[in-house]
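Peer 1: One file: upload-v5.txt (compact mmCIF, C-alpha atoms).
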```txt
# COMPACT_ATOMS: atom_id res chain seq x y z
CA MET A 28 0.00 0.00 0.00
CA HIS A 29 1.28 3.47 -0.91
CA THR A 30 0.41 6.69 0.90
CA LEU A 31 0.04 10.00 -0.93
CA SER A 32 -0.15 13.35 0.83
CA VAL A 33 -2.57 16.09 -0.24
CA LYS A 34 -2.65 19.66 1.06
CA THR A 35 -6.01 21.36 0.61
CA LYS A 36 -6.47 25.13 0.64
CA ASN A 37 -10.23 25.64 0.86
CA GLN A 38 -13.20 24.39 2.84
CA THR A 39 -14.46 22.43 -0.16
CA GLU A 40 -12.15 21.60 -3.03
CA MET A 41 -11.47 18.98 -5.71
CA ILE A 42 -7.81 18.14 -6.35
CA ASP A 43 -6.69 16.05 -9.33
CA ILE A 44 -4.51 13.18 -8.03
CA THR A 45 -4.44 11.10 -11.24
CA ARG A 46 -0.75 11.66 -11.90
CA ASP A 47 0.27 10.44 -8.42
CA VAL A 48 -2.03 7.40 -8.59
CA SER A 49 -0.68 6.55 -12.06
CA ALA A 50 2.87 6.65 -10.67
CA VAL A 51 1.91 4.10 -7.99
CA VAL A 52 0.45 1.82 -10.68
CA ALA A 53 3.61 2.12 -12.79
CA SER A 54 5.89 1.37 -9.83
CA SER A 55 3.81 -1.69 -8.84
CA GLY A 56 4.83 -3.52 -12.02
CA ILE A 57 1.32 -5.01 -12.21
CA ARG A 58 0.04 -5.30 -15.79
CA ASP A 59 -3.60 -6.28 -15.29
CA GLY A 60 -5.79 -5.82 -12.27
CA VAL A 61 -7.48 -3.17 -10.23
CA CYS A 62 -6.28 -0.02 -8.48
CA THR A 63 -8.04 0.94 -5.24
CA VAL A 64 -7.84 4.58 -4.11
CA PHE A 65 -8.96 4.90 -0.49
CA ILE A 66 -9.49 8.05 1.61
CA PRO A 67 -8.89 7.40 5.34
CA HIS A 68 -10.87 10.50 6.41
CA THR A 69 -14.54 10.98 7.29
CA THR A 70 -14.99 14.53 5.98
CA ALA A 71 -13.38 13.99 2.57
CA GLY A 72 -14.00 11.63 -0.34
CA VAL A 73 -12.86 10.64 -3.80
CA THR A 74 -14.56 10.84 -7.18
CA ILE A 75 -13.85 10.46 -10.87
CA ASN A 76 -15.06 13.29 -13.07
CA GLU A 77 -14.13 15.77 -15.81
CA ASN A 78 -10.66 17.27 -15.84
CA ALA A 79 -11.00 19.61 -18.84
CA ASP A 80 -13.06 22.62 -17.77
CA PRO A 81 -12.42 23.76 -14.16
CA ASP A 82 -16.00 25.12 -14.11
CA VAL A 83 -17.22 21.53 -13.83
CA GLN A 84 -15.46 21.12 -10.47
CA ARG A 85 -16.73 24.53 -9.40
CA ASP A 86 -20.34 23.65 -10.36
CA ILE A 87 -20.16 20.24 -8.66
CA LEU A 88 -18.99 21.83 -5.40
CA MET A 89 -21.45 24.76 -5.64
CA GLU A 90 -24.40 22.41 -6.12
CA ILE A 91 -23.48 19.76 -3.51
CA ASN A 92 -22.91 22.57 -1.00
CA LYS A 93 -26.41 23.83 -1.81
CA ILE A 94 -28.00 20.37 -1.54
CA VAL A 95 -26.21 19.62 1.74
CA PRO A 96 -26.01 23.01 3.49
CA ARG A 97 -23.21 23.56 6.03
CA GLN A 98 -25.71 24.73 8.68
CA ASP A 99 -28.99 22.82 8.97
CA GLY A 100 -29.83 22.14 12.60
CA TYR A 101 -27.15 19.49 13.02
CA ARG A 102 -26.38 18.23 16.53
CA HIS A 103 -22.70 17.19 16.09
CA ALA A 104 -20.67 19.74 18.06
CA GLU A 105 -17.81 20.04 15.57
CA GLY A 106 -20.11 21.72 13.05
CA ASN A 107 -18.98 19.60 10.11
CA SER A 108 -21.87 17.16 9.75
CA ALA A 109 -22.49 18.35 6.20
CA ALA A 110 -18.94 17.28 5.35
CA HIS A 111 -19.57 13.83 6.82
CA LEU A 112 -22.67 13.36 4.65
CA LYS A 113 -20.86 14.58 1.51
CA SER A 114 -18.12 12.05 2.30
CA SER A 115 -20.71 9.24 2.31
CA LEU A 116 -22.38 10.49 -0.88
CA PHE A 117 -19.16 10.79 -2.89
CA GLY A 118 -17.64 7.70 -1.27
CA SER A 119 -14.36 6.85 0.41
CA SER A 120 -12.93 4.72 -2.39
CA ALA A 121 -12.55 4.68 -6.15
CA THR A 122 -11.82 1.54 -8.14
CA VAL A 123 -10.08 1.82 -11.50
CA ILE A 124 -9.23 -1.04 -13.86
CA VAL A 125 -5.51 -1.52 -14.68
CA ALA A 126 -4.67 -2.98 -18.10
CA GLY A 127 -1.35 -3.13 -19.88
CA GLY A 128 0.30 -1.62 -16.80
CA ARG A 129 -1.79 1.55 -16.96
CA LEU A 130 -4.84 3.05 -15.25
CA CYS A 131 -7.83 2.77 -17.58
CA LEU A 132 -9.67 6.09 -17.55
CA GLY A 133 -11.99 7.65 -20.10
CA THR A 134 -10.79 10.56 -22.24
CA TRP A 135 -12.14 13.27 -19.91
CA GLN A 136 -11.76 11.46 -16.60
CA SER A 137 -9.44 12.27 -13.71
CA ILE A 138 -9.39 11.01 -10.13
CA PHE A 139 -10.16 13.81 -7.67
CA PHE A 140 -9.53 14.00 -3.95
CA CYS A 141 -12.61 15.77 -2.55
CA GLU A 142 -12.10 18.01 0.47
CA PHE A 143 -15.30 18.83 2.34
CA ASP A 144 -13.90 20.26 5.59
CA GLY A 145 -10.62 21.95 4.79
CA PRO A 146 -8.14 23.33 4.63
CA ARG A 147 -6.15 20.36 5.97
CA THR A 148 -3.28 18.02 5.18
CA ARG A 149 -4.78 14.71 4.07
CA GLU A 150 -3.72 11.21 3.09
CA VAL A 151 -4.72 9.02 0.15
CA TRP A 152 -4.00 5.28 0.25
CA VAL A 153 -3.43 3.40 -3.00
CA GLN A 154 -3.29 -0.36 -3.55
CA VAL A 155 -2.79 -2.22 -6.84
CA SER A 156 -3.98 -5.83 -7.13
CA GLY A 157 -3.26 -8.17 -10.04
CA THR A 158 -6.03 -10.25 -11.63
CA MET B 15 -10.82 -6.05 -19.83
CA HIS B 16 -14.02 -6.31 -21.88
CA THR B 17 -15.91 -3.41 -23.43
CA LEU B 18 -19.69 -3.36 -23.68
CA SER B 19 -21.61 -0.86 -25.78
CA VAL B 20 -24.80 0.81 -24.54
CA LYS B 21 -27.13 3.00 -26.61
CA THR B 22 -29.28 5.33 -24.53
CA LYS B 23 -32.50 6.91 -25.77
CA ASN B 24 -33.33 9.56 -23.19
CA GLN B 25 -31.65 12.40 -21.32
CA THR B 26 -31.73 10.39 -18.09
CA GLU B 27 -32.20 6.65 -18.16
CA MET B 28 -31.30 3.45 -16.30
CA ILE B 29 -30.44 0.44 -18.46
CA ASP B 30 -30.11 -3.07 -17.03
CA ILE B 31 -26.72 -4.47 -18.12
CA THR B 32 -26.65 -7.49 -15.77
CA ARG B 33 -26.94 -10.07 -18.54
CA ASP B 34 -23.96 -8.64 -20.46
CA VAL B 35 -21.81 -8.36 -17.33
CA SER B 36 -22.71 -11.94 -16.36
CA ALA B 37 -21.58 -13.13 -19.79
CA VAL B 38 -18.17 -11.50 -19.26
CA VAL B 39 -17.86 -13.25 -15.88
CA ALA B 40 -18.78 -16.63 -17.45
CA SER B 41 -16.29 -16.20 -20.31
CA SER B 42 -13.48 -15.25 -17.88
CA GLY B 43 -13.44 -18.75 -16.38
CA ILE B 44 -12.80 -17.20 -12.94
CA ARG B 45 -14.61 -19.04 -10.13
CA ASP B 46 -14.01 -16.77 -7.14
CA GLY B 47 -13.13 -13.09 -7.09
CA VAL B 48 -14.53 -9.71 -7.87
CA CYS B 49 -16.09 -8.14 -10.97
CA THR B 50 -15.44 -4.44 -11.55
CA VAL B 51 -17.88 -2.54 -13.79
CA PHE B 52 -16.40 0.83 -14.78
CA ILE B 53 -18.05 3.70 -16.69
CA PRO B 54 -15.46 5.74 -18.66
CA HIS B 55 -17.77 8.77 -18.96
CA THR B 56 -18.22 11.84 -16.76
CA THR B 57 -21.95 12.39 -17.29
CA ALA B 58 -23.05 8.81 -16.67
CA GLY B 59 -22.68 6.35 -13.81
CA VAL B 60 -23.50 2.84 -12.63
CA THR B 61 -25.67 1.57 -9.79
CA ILE B 62 -27.19 -1.60 -8.42
CA ASN B 63 -30.89 -1.45 -7.63
CA GLU B 64 -34.28 -3.13 -8.08
CA ASN B 65 -35.09 -4.80 -11.38
CA ALA B 66 -38.65 -5.92 -10.67
CA ASP B 67 -40.92 -2.86 -10.86
CA PRO B 68 -39.90 -0.33 -13.57
CA ASP B 69 -41.51 2.39 -11.40
CA VAL B 70 -38.51 2.15 -9.07
CA GLN B 71 -36.18 3.29 -11.86
CA ARG B 72 -38.65 5.99 -12.82
CA ASP B 73 -38.90 7.24 -9.22
CA ILE B 74 -35.12 7.18 -8.73
CA LEU B 75 -34.60 9.31 -11.85
CA MET B 76 -37.52 11.65 -11.08
CA GLU B 77 -36.21 12.34 -7.58
CA ILE B 78 -32.50 12.72 -8.41
CA ASN B 79 -33.47 15.10 -11.24
CA LYS B 80 -35.43 17.12 -8.69
CA ILE B 81 -32.60 17.13 -6.13
CA VAL B 82 -30.00 18.09 -8.76
CA PRO B 83 -31.90 20.36 -11.18
CA ARG B 84 -30.65 20.61 -14.77
CA GLN B 85 -30.60 24.43 -14.58
CA ASP B 86 -29.28 26.01 -11.40
CA GLY B 87 -26.92 28.86 -12.18
CA TYR B 88 -24.12 26.59 -13.34
CA ARG B 89 -21.13 28.18 -15.08
CA HIS B 90 -19.96 25.23 -17.26
CA ALA B 91 -20.79 26.22 -20.84
CA GLU B 92 -21.94 22.79 -22.00
CA GLY B 93 -25.00 23.01 -19.74
CA ASN B 94 -24.61 19.51 -18.32
CA SER B 95 -23.15 20.23 -14.87
CA ALA B 96 -26.10 18.50 -13.20
CA ALA B 97 -25.15 15.32 -15.08
CA HIS B 98 -21.56 15.61 -13.85
CA LEU B 99 -22.73 15.82 -10.21
CA LYS B 100 -25.14 12.89 -10.64
CA SER B 101 -22.23 10.89 -12.05
CA SER B 102 -20.22 11.56 -8.88
CA LEU B 103 -23.18 10.78 -6.60
CA PHE B 104 -24.03 7.45 -8.24
CA GLY B 105 -20.37 6.61 -8.90
CA SER B 106 -18.34 5.47 -11.86
CA SER B 107 -17.81 1.89 -10.74
CA ALA B 108 -19.68 -1.03 -9.22
CA THR B 109 -17.99 -3.95 -7.52
CA VAL B 110 -19.74 -7.32 -7.37
CA ILE B 111 -18.45 -10.48 -5.70
CA VAL B 112 -17.97 -13.52 -7.98
CA ALA B 113 -18.42 -16.97 -6.37
CA GLY B 114 -18.78 -20.34 -8.04
CA GLY B 115 -18.20 -18.68 -11.39
CA ARG B 116 -21.23 -16.42 -11.06
CA LEU B 117 -22.02 -12.81 -10.16
CA CYS B 118 -23.42 -12.68 -6.61
CA LEU B 119 -26.44 -10.39 -6.61
CA GLY B 120 -29.41 -10.23 -4.26
CA THR B 121 -32.81 -11.50 -5.41
CA TRP B 122 -34.06 -8.12 -6.61
CA GLN B 123 -30.75 -6.60 -7.72
CA SER B 124 -29.59 -5.74 -11.23
CA ILE B 125 -26.65 -3.66 -12.44
CA PHE B 126 -27.82 -0.49 -14.19
CA PHE B 127 -25.95 1.81 -16.53
CA CYS B 128 -27.13 5.31 -15.56
CA GLU B 129 -27.38 7.87 -18.35
CA PHE B 130 -27.52 11.47 -17.12
CA ASP B 131 -26.83 13.38 -20.35
CA GLY B 132 -28.23 11.34 -23.21
CA PRO B 133 -29.12 10.14 -25.61
CA ARG B 134 -25.64 8.87 -26.54
CA THR B 135 -23.70 5.74 -27.39
CA ARG B 136 -21.71 4.77 -24.30
CA GLU B 137 -19.11 2.23 -23.18
CA VAL B 138 -18.95 0.03 -20.09
CA TRP B 139 -15.66 -1.60 -19.11
CA VAL B 140 -15.71 -4.91 -17.22
CA GLN B 141 -12.81 -6.64 -15.47
CA VAL B 142 -12.91 -9.91 -13.52
CA SER B 143 -10.17 -10.60 -10.93
CA GLY B 144 -9.62 -13.90 -9.11
CA THR B 145 -9.12 -14.00 -5.33
CA MET C 22 -17.59 -15.42 0.50
CA HIS C 23 -18.87 -14.95 4.05
CA THR C 24 -22.37 -13.88 5.00
CA LEU C 25 -23.07 -11.69 8.03
CA SER C 26 -26.53 -11.14 9.46
CA VAL C 27 -27.74 -7.72 10.62
CA LYS C 28 -30.97 -6.99 12.50
CA THR C 29 -32.14 -3.40 12.17
CA LYS C 30 -34.57 -1.75 14.58
CA ASN C 31 -35.56 1.49 12.87
CA GLN C 32 -36.75 2.73 9.48
CA THR C 33 -33.38 4.38 8.85
CA GLU C 34 -30.33 3.36 10.84
CA MET C 35 -26.53 3.04 10.60
CA ILE C 36 -25.03 -0.04 12.24
CA ASP C 37 -21.28 -0.43 12.78
CA ILE C 38 -20.20 -3.78 11.27
CA THR C 39 -16.43 -3.18 11.37
CA ARG C 40 -15.74 -5.83 14.02
CA ASP C 41 -17.53 -8.55 12.02
CA VAL C 42 -15.83 -7.58 8.76
CA SER C 43 -12.44 -7.55 10.50
CA ALA C 44 -13.08 -11.08 11.76
CA VAL C 45 -13.70 -12.27 8.19
CA VAL C 46 -10.40 -10.67 7.09
CA ALA C 47 -8.52 -12.33 9.97
CA SER C 48 -10.03 -15.76 9.22
CA SER C 49 -9.17 -15.46 5.50
CA GLY C 50 -5.45 -15.60 6.23
CA ILE C 51 -4.86 -13.06 3.44
CA ARG C 52 -2.10 -10.56 4.26
CA ASP C 53 -2.36 -8.04 1.43
CA GLY C 54 -5.30 -7.33 -0.82
CA VAL C 55 -8.77 -5.88 -0.80
CA CYS C 56 -11.90 -6.56 1.21
CA THR C 57 -15.24 -6.13 -0.56
CA VAL C 58 -18.34 -5.55 1.56
CA PHE C 59 -21.49 -6.03 -0.51
CA ILE C 60 -25.13 -5.40 0.45
CA PRO C 61 -27.53 -7.71 -1.47
CA HIS C 62 -30.54 -5.46 -0.82
CA THR C 63 -32.04 -2.59 -2.83
CA THR C 64 -33.29 -0.45 0.07
CA ALA C 65 -30.09 -0.54 2.15
CA GLY C 66 -26.48 0.42 1.54
CA VAL C 67 -23.03 0.58 3.08
CA THR C 68 -20.79 3.50 3.93
CA ILE C 69 -17.61 4.34 5.80
CA ASN C 70 -17.84 7.25 8.22
CA GLU C 71 -17.13 8.47 11.76
CA ASN C 72 -17.59 6.07 14.65
CA ALA C 73 -16.75 8.42 17.54
CA ASP C 74 -19.73 10.73 18.10
CA PRO C 75 -23.14 9.04 17.52
CA ASP C 76 -24.51 12.48 16.60
CA VAL C 77 -22.67 12.18 13.28
CA GLN C 78 -24.75 9.14 12.32
CA ARG C 79 -27.89 10.91 13.55
CA ASP C 80 -27.10 14.04 11.49
CA ILE C 81 -26.26 12.02 8.37
CA LEU C 82 -29.61 10.20 8.54
CA MET C 83 -31.57 13.36 9.44
CA GLU C 84 -30.13 15.25 6.48
CA ILE C 85 -30.39 12.49 3.84
CA ASN C 86 -34.00 11.89 4.93
CA LYS C 87 -34.64 15.61 4.38
CA ILE C 88 -32.91 15.65 0.97
CA VAL C 89 -34.73 12.52 -0.20
CA PRO C 90 -38.15 12.75 1.48
CA ARG C 91 -40.07 9.51 2.13
CA GLN C 92 -43.18 10.91 0.39
CA ASP C 93 -42.67 12.87 -2.82
CA GLY C 94 -45.15 11.82 -5.47
CA TYR C 95 -43.46 8.49 -6.12
CA ARG C 96 -45.28 5.94 -8.28
CA HIS C 97 -43.79 2.68 -6.90
CA ALA C 98 -46.62 1.00 -4.96
CA GLU C 99 -44.50 -0.27 -2.07
CA GLY C 100 -43.92 3.32 -0.88
CA ASN C 101 -40.17 2.88 -0.38
CA SER C 102 -38.78 4.65 -3.45
CA ALA C 103 -36.85 7.07 -1.24
CA ALA C 104 -35.02 4.08 0.27
CA HIS C 105 -34.13 2.82 -3.22
CA LEU C 106 -32.58 6.19 -4.14
CA LYS C 107 -30.66 6.40 -0.83
CA SER C 108 -29.33 2.90 -1.56
CA SER C 109 -27.96 4.12 -4.92
CA LEU C 110 -26.51 7.32 -3.39
CA PHE C 111 -24.69 5.55 -0.54
CA GLY C 112 -23.81 2.55 -2.70
CA SER C 113 -24.14 -1.20 -2.38
CA SER C 114 -20.46 -1.95 -1.81
CA ALA C 115 -17.46 -0.69 0.15
CA THR C 116 -13.89 -1.53 -0.73
CA VAL C 117 -11.22 -1.47 1.98
CA ILE C 118 -7.51 -2.16 1.52
CA VAL C 119 -6.07 -5.09 3.51
CA ALA C 120 -2.41 -4.85 4.56
CA GLY C 121 -0.47 -6.93 7.05
CA GLY C 122 -3.55 -9.11 7.49
CA ARG C 123 -5.71 -6.22 8.72
CA LEU C 124 -8.39 -3.89 7.37
CA CYS C 125 -6.83 -0.47 6.71
CA LEU C 126 -9.17 2.19 8.08
CA GLY C 127 -8.49 5.75 9.18
CA THR C 128 -8.48 6.62 12.89
CA TRP C 129 -12.12 7.69 12.99
CA GLN C 130 -13.53 5.35 10.33
CA SER C 131 -15.93 2.46 10.74
CA ILE C 132 -17.91 0.48 8.17
CA PHE C 133 -21.65 1.03 8.57
CA PHE C 134 -24.55 -1.01 7.27
CA CYS C 135 -27.15 1.58 6.24
CA GLU C 136 -30.80 0.64 6.68
CA PHE C 137 -33.19 2.82 4.69
CA ASP C 138 -36.42 0.75 4.87
CA GLY C 139 -36.37 -1.10 8.19
CA PRO C 140 -36.74 -2.65 10.53
CA ARG C 141 -35.67 -5.89 8.84
CA THR C 142 -33.20 -8.75 9.06
CA ARG C 143 -30.51 -8.14 6.46
CA GLU C 144 -27.44 -9.81 4.99
CA VAL C 145 -23.95 -8.47 4.31
CA TRP C 146 -21.61 -10.38 2.01
CA VAL C 147 -17.85 -10.13 2.53
CA GLN C 148 -15.08 -11.28 0.20
CA VAL C 149 -11.31 -10.93 0.72
CA SER C 150 -9.00 -11.04 -2.32
CA GLY C 151 -5.21 -11.21 -2.21
CA THR C 152 -3.09 -8.90 -4.36
```
Mind turning the file's structure into structure tokens?
Peer 2:
Amino acid sequence: MHTLSVKTKNQTEMIDITRDVSAVVASSGIRDGVCTVFIPHTTAGVTINENADPDVQRDILMEINKIVPRQDGYRHAEGNSAAHLKSSLFGSSATVIVAGGRLCLGTWQSIFFCEFDGPRTREVWVQVSGT
Amino acid sequence: MHTLSVKTKNQTEMIDITRDVSAVVASSGIRDGVCTVFIPHTTAGVTINENADPDVQRDILMEINKIVPRQDGYRHAEGNSAAHLKSSLFGSSATVIVAGGRLCLGTWQSIFFCEFDGPRTREVWVQVSGT
Amino acid sequence: MHTLSVKTKNQTEMIDITRDVSAVVASSGIRDGVCTVFIPHTTAGVTINENADPDVQRDILMEINKIVPRQDGYRHAEGNSAAHLKSSLFGSSATVIVAGGRLCLGTWQSIFFCEFDGPRTREVWVQVSGT
């Protein structure tokens, strides 16, 4: 298992980690299998989405922040319950097929670390398994 | 890795792809492991849900379209930001256990390709890994 | 594949199943790989979130029940369409990395069975695959 470090700068933010995950796949020497990207935090998540127009990330965050408002009569004293729910909705892991020694992603896809309660220093765990 | 082709007919639509995924599992010859279904698109997703009453699919789409409205002050010029968020909420991969050479699904479960910005011709990537 | 049994007591509920999943990993004898937790039901799901303050689970359920209301003009006769959508949003599987023979979870993370249409007796399927 490899550990990546991510520094976030905003309360909610999407950070493209595809290059770092690809490097782990390359160094594993595994040709065919599956790459698991796991977020060991409960107020962050991971998703795969468009990497071309930064407005897509902006719109995704704007809308999820509207759907799950930061203040909404929550009881949890830390005040970040919205971030916990967003973490569950986006998910704590992404699974990507590995073929020919490379991550298989669609033309417009990147893997994004999703910060929902930043800014913080975060970890991403990556495992590559052969078929 | 196997590639399936899916033709969607509506802007949002759920299409049962269980039969095609099962065929990939059978042809792999793998008895025990995990099947990864991956969607290489950023305005579509995959989910596992009920296959018995078509009203369930209709209700799921009706409600998610209400929660994430198509128009909502988005900045992305293509006008499909809602589809991008739905893709992240439903997810770009499904993982199903394989045992005895077969996909393990509950009685009422099917695997659905989820179109959020159709109609289009789409791909689904399927990988089977042994334990 | 191992089957766990879960008895839920409320209509919506999060139940920590980490201890049972860990036991399956230990008994598998696998040192490095991936653990797949799969829910074979269409009105339940699985998520990984905070296990420290029970108010987090309460807030997550309160807010998702508000976002996806139980009554909202659904057509499905069983009246549990909201539970079906929550199942798709939370997801039917969780993937956790296994290293050194143990589940790799962050400090505050637990694996939760998510009941969205209880109370019922439910199953959880667990598979451990080596790298």
Peer 1: Onto chain A, please fit chain C by least squares using all C-alpha atoms in order, then return the transformed chain as a compact mmCIF listing (two decimals) with C-alpha atoms, in the coordinates of the input.
Peer 2:
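Final output, superposed13.txt:
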```txt
# COMPACT_ATOMS: atom_id res chain seq x y z
CA MET C 22 0.00 0.02 0.00
CA HIS C 23 1.29 3.48 -0.90
CA THR C 24 0.40 6.69 0.90
CA LEU C 25 0.05 10.00 -0.93
CA SER C 26 -0.14 13.35 0.83
CA VAL C 27 -2.58 16.08 -0.24
CA LYS C 28 -2.66 19.66 1.05
CA THR C 29 -6.01 21.37 0.60
CA LYS C 30 -6.47 25.14 0.63
CA ASN C 31 -10.23 25.64 0.83
CA GLN C 32 -13.21 24.40 2.84
CA THR C 33 -14.46 22.42 -0.16
CA GLU C 34 -12.14 21.59 -3.03
CA MET C 35 -11.47 18.95 -5.71
CA ILE C 36 -7.81 18.14 -6.34
CA ASP C 37 -6.69 16.06 -9.33
CA ILE C 38 -4.51 13.19 -8.03
CA THR C 39 -4.44 11.12 -11.24
CA ARG C 40 -0.73 11.67 -11.91
CA ASP C 41 0.26 10.44 -8.43
CA VAL C 42 -2.03 7.41 -8.60
CA SER C 43 -0.67 6.55 -12.05
CA ALA C 44 2.87 6.64 -10.67
CA VAL C 45 1.91 4.10 -7.99
CA VAL C 46 0.45 1.81 -10.69
CA ALA C 47 3.61 2.12 -12.80
CA SER C 48 5.89 1.37 -9.83
CA SER C 49 3.81 -1.69 -8.85
CA GLY C 50 4.83 -3.54 -12.01
CA ILE C 51 1.31 -5.02 -12.21
CA ARG C 52 0.02 -5.31 -15.79
CA ASP C 53 -3.62 -6.29 -15.31
CA GLY C 54 -5.80 -5.82 -12.27
CA VAL C 55 -7.48 -3.16 -10.22
CA CYS C 56 -6.29 -0.02 -8.47
CA THR C 57 -8.04 0.95 -5.23
CA VAL C 58 -7.85 4.57 -4.09
CA PHE C 59 -8.96 4.90 -0.48
CA ILE C 60 -9.49 8.05 1.61
CA PRO C 61 -8.89 7.40 5.35
CA HIS C 62 -10.85 10.49 6.41
CA THR C 63 -14.53 10.97 7.31
CA THR C 64 -14.98 14.53 5.99
CA ALA C 65 -13.37 13.98 2.57
CA GLY C 66 -14.00 11.63 -0.33
CA VAL C 67 -12.85 10.63 -3.79
CA THR C 68 -14.56 10.82 -7.16
CA ILE C 69 -13.84 10.46 -10.86
CA ASN C 70 -15.06 13.29 -13.06
CA GLU C 71 -14.13 15.77 -15.81
CA ASN C 72 -10.66 17.28 -15.81
CA ALA C 73 -11.01 19.60 -18.83
CA ASP C 74 -13.07 22.63 -17.77
CA PRO C 75 -12.42 23.77 -14.15
CA ASP C 76 -15.99 25.13 -14.11
CA VAL C 77 -17.22 21.54 -13.82
CA GLN C 78 -15.45 21.12 -10.48
CA ARG C 79 -16.73 24.54 -9.39
CA ASP C 80 -20.33 23.65 -10.34
CA ILE C 81 -20.15 20.24 -8.65
CA LEU C 82 -18.99 21.83 -5.38
CA MET C 83 -21.45 24.75 -5.63
CA GLU C 84 -24.39 22.40 -6.13
CA ILE C 85 -23.49 19.76 -3.51
CA ASN C 86 -22.91 22.57 -0.99
CA LYS C 87 -26.41 23.84 -1.81
CA ILE C 88 -27.99 20.37 -1.54
CA VAL C 89 -26.23 19.61 1.75
CA PRO C 90 -26.01 23.00 3.49
CA ARG C 91 -23.21 23.56 6.03
CA GLN C 92 -25.73 24.74 8.66
CA ASP C 93 -28.99 22.81 8.97
CA GLY C 94 -29.84 22.12 12.59
CA TYR C 95 -27.14 19.49 13.00
CA ARG C 96 -26.38 18.23 16.51
CA HIS C 97 -22.71 17.18 16.08
CA ALA C 98 -20.67 19.74 18.05
CA GLU C 99 -17.80 20.04 15.58
CA GLY C 100 -20.12 21.73 13.05
CA ASN C 101 -18.97 19.61 10.10
CA SER C 102 -21.87 17.17 9.74
CA ALA C 103 -22.48 18.35 6.18
CA ALA C 104 -18.92 17.27 5.31
CA HIS C 105 -19.57 13.83 6.82
CA LEU C 106 -22.67 13.35 4.64
CA LYS C 107 -20.85 14.57 1.49
CA SER C 108 -18.10 12.05 2.29
CA SER C 109 -20.70 9.23 2.32
CA LEU C 110 -22.39 10.49 -0.88
CA PHE C 111 -19.16 10.78 -2.89
CA GLY C 112 -17.64 7.69 -1.27
CA SER C 113 -14.37 6.86 0.41
CA SER C 114 -12.93 4.72 -2.38
CA ALA C 115 -12.55 4.67 -6.16
CA THR C 116 -11.81 1.54 -8.14
CA VAL C 117 -10.08 1.82 -11.51
CA ILE C 118 -9.22 -1.04 -13.86
CA VAL C 119 -5.52 -1.52 -14.68
CA ALA C 120 -4.67 -2.97 -18.11
CA GLY C 121 -1.35 -3.12 -19.91
CA GLY C 122 0.29 -1.63 -16.82
CA ARG C 123 -1.79 1.56 -16.96
CA LEU C 124 -4.83 3.06 -15.24
CA CYS C 125 -7.83 2.78 -17.57
CA LEU C 126 -9.68 6.10 -17.54
CA GLY C 127 -12.00 7.66 -20.09
CA THR C 128 -10.79 10.57 -22.23
CA TRP C 129 -12.14 13.26 -19.93
CA GLN C 130 -11.76 11.47 -16.58
CA SER C 131 -9.44 12.27 -13.71
CA ILE C 132 -9.40 11.01 -10.12
CA PHE C 133 -10.17 13.80 -7.66
CA PHE C 134 -9.53 14.00 -3.94
CA CYS C 135 -12.61 15.76 -2.54
CA GLU C 136 -12.09 18.02 0.46
CA PHE C 137 -15.30 18.83 2.33
CA ASP C 138 -13.91 20.27 5.61
CA GLY C 139 -10.61 21.96 4.78
CA PRO C 140 -8.13 23.32 4.61
CA ARG C 141 -6.15 20.36 5.95
CA THR C 142 -3.28 18.02 5.15
CA ARG C 143 -4.79 14.72 4.06
CA GLU C 144 -3.73 11.20 3.09
CA VAL C 145 -4.73 9.01 0.16
CA TRP C 146 -4.00 5.28 0.26
CA VAL C 147 -3.42 3.40 -3.00
CA GLN C 148 -3.29 -0.36 -3.54
CA VAL C 149 -2.79 -2.21 -6.84
CA SER C 150 -3.97 -5.83 -7.13
CA GLY C 151 -3.25 -8.17 -10.04
CA THR C 152 -6.02 -10.22 -11.63
```
Peer 1: Only residues of chain A matter here; which ones have an atom within 9 Å of chain C, counting all atoms listed in the file? Give them as a VMD selection string.
Peer 2: chain A and resid 28 60 63 to 70 94 to 95 99 to 104 107 to 109 111 to 112 114 to 122 152 to 158
Peer 1: For the atom pair CA of Val138 (chain B) and CA of Cys141 (chain A), what is the interatomic distance in Å to one decimal place?
Peer 2: 24.4 Å
Peer 1: Which polymer residues, protein or nucleic acid, are no farther than 6 Å from (-31.8, 3.3, -16.5), counting only C-alpha atoms, as number ranges by chain?
Peer 2: B: 27-29, 126, 128
Peer 1: For a quick check of understanding, using all atoms listed in the file, which of C:Ala73, C:Ala65, C:Leu25, C:Cys56 has the smallest distance to Ile38 (chain C)?
Peer 2: C:Leu25
Peer 1: Please indicate the distance in Å from CA of Gly139 (chain C) to CA of Val42 (chain C), rounded to one decimal place.
Peer 2: 21.5 Å
Peer 1: When you draw a straight line from CA of Arg40 (chain C) to CA of Ile132 (chain C), how long is it in Å?
Peer 2: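 Answer for the CA of Arg40 (chain C) to CA of Ile132 (chain C) separation: 8.9 Å.
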Peer 1: Mind writing region 107-119 of chain A to a file for me, with C-alpha atoms, as a PDB file, in the first residue's frame?
Peer 2:
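Done, and the output landed in part-v4.pdb:
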```pdb
ATOM      1  CA  ASN A 107     -18.984  19.604  10.107  1.00  0.00           C
ATOM      2  CA  SER A 108     -21.870  17.162   9.754  1.00  0.00           C
ATOM      3  CA  ALA A 109     -22.491  18.355   6.196  1.00  0.00           C
ATOM      4  CA  ALA A 110     -18.937  17.282   5.345  1.00  0.00           C
ATOM      5  CA  HIS A 111     -19.574  13.829   6.824  1.00  0.00           C
ATOM      6  CA  LEU A 112     -22.668  13.358   4.648  1.00  0.00           C
ATOM      7  CA  LYS A 113     -20.857  14.577   1.513  1.00  0.00           C
ATOM      8  CA  SER A 114     -18.123  12.052   2.298  1.00  0.00           C
ATOM      9  CA  SER A 115     -20.706   9.242   2.307  1.00  0.00           C
ATOM     10  CA  LEU A 116     -22.382  10.495  -0.882  1.00  0.00           C
ATOM     11  CA  PHE A 117     -19.157  10.791  -2.888  1.00  0.00           C
ATOM     12  CA  GLY A 118     -17.640   7.701  -1.272  1.00  0.00           C
ATOM     13  CA  SER A 119     -14.360   6.852   0.412  1.00  0.00           C
TER      14      SER A 119
END
```
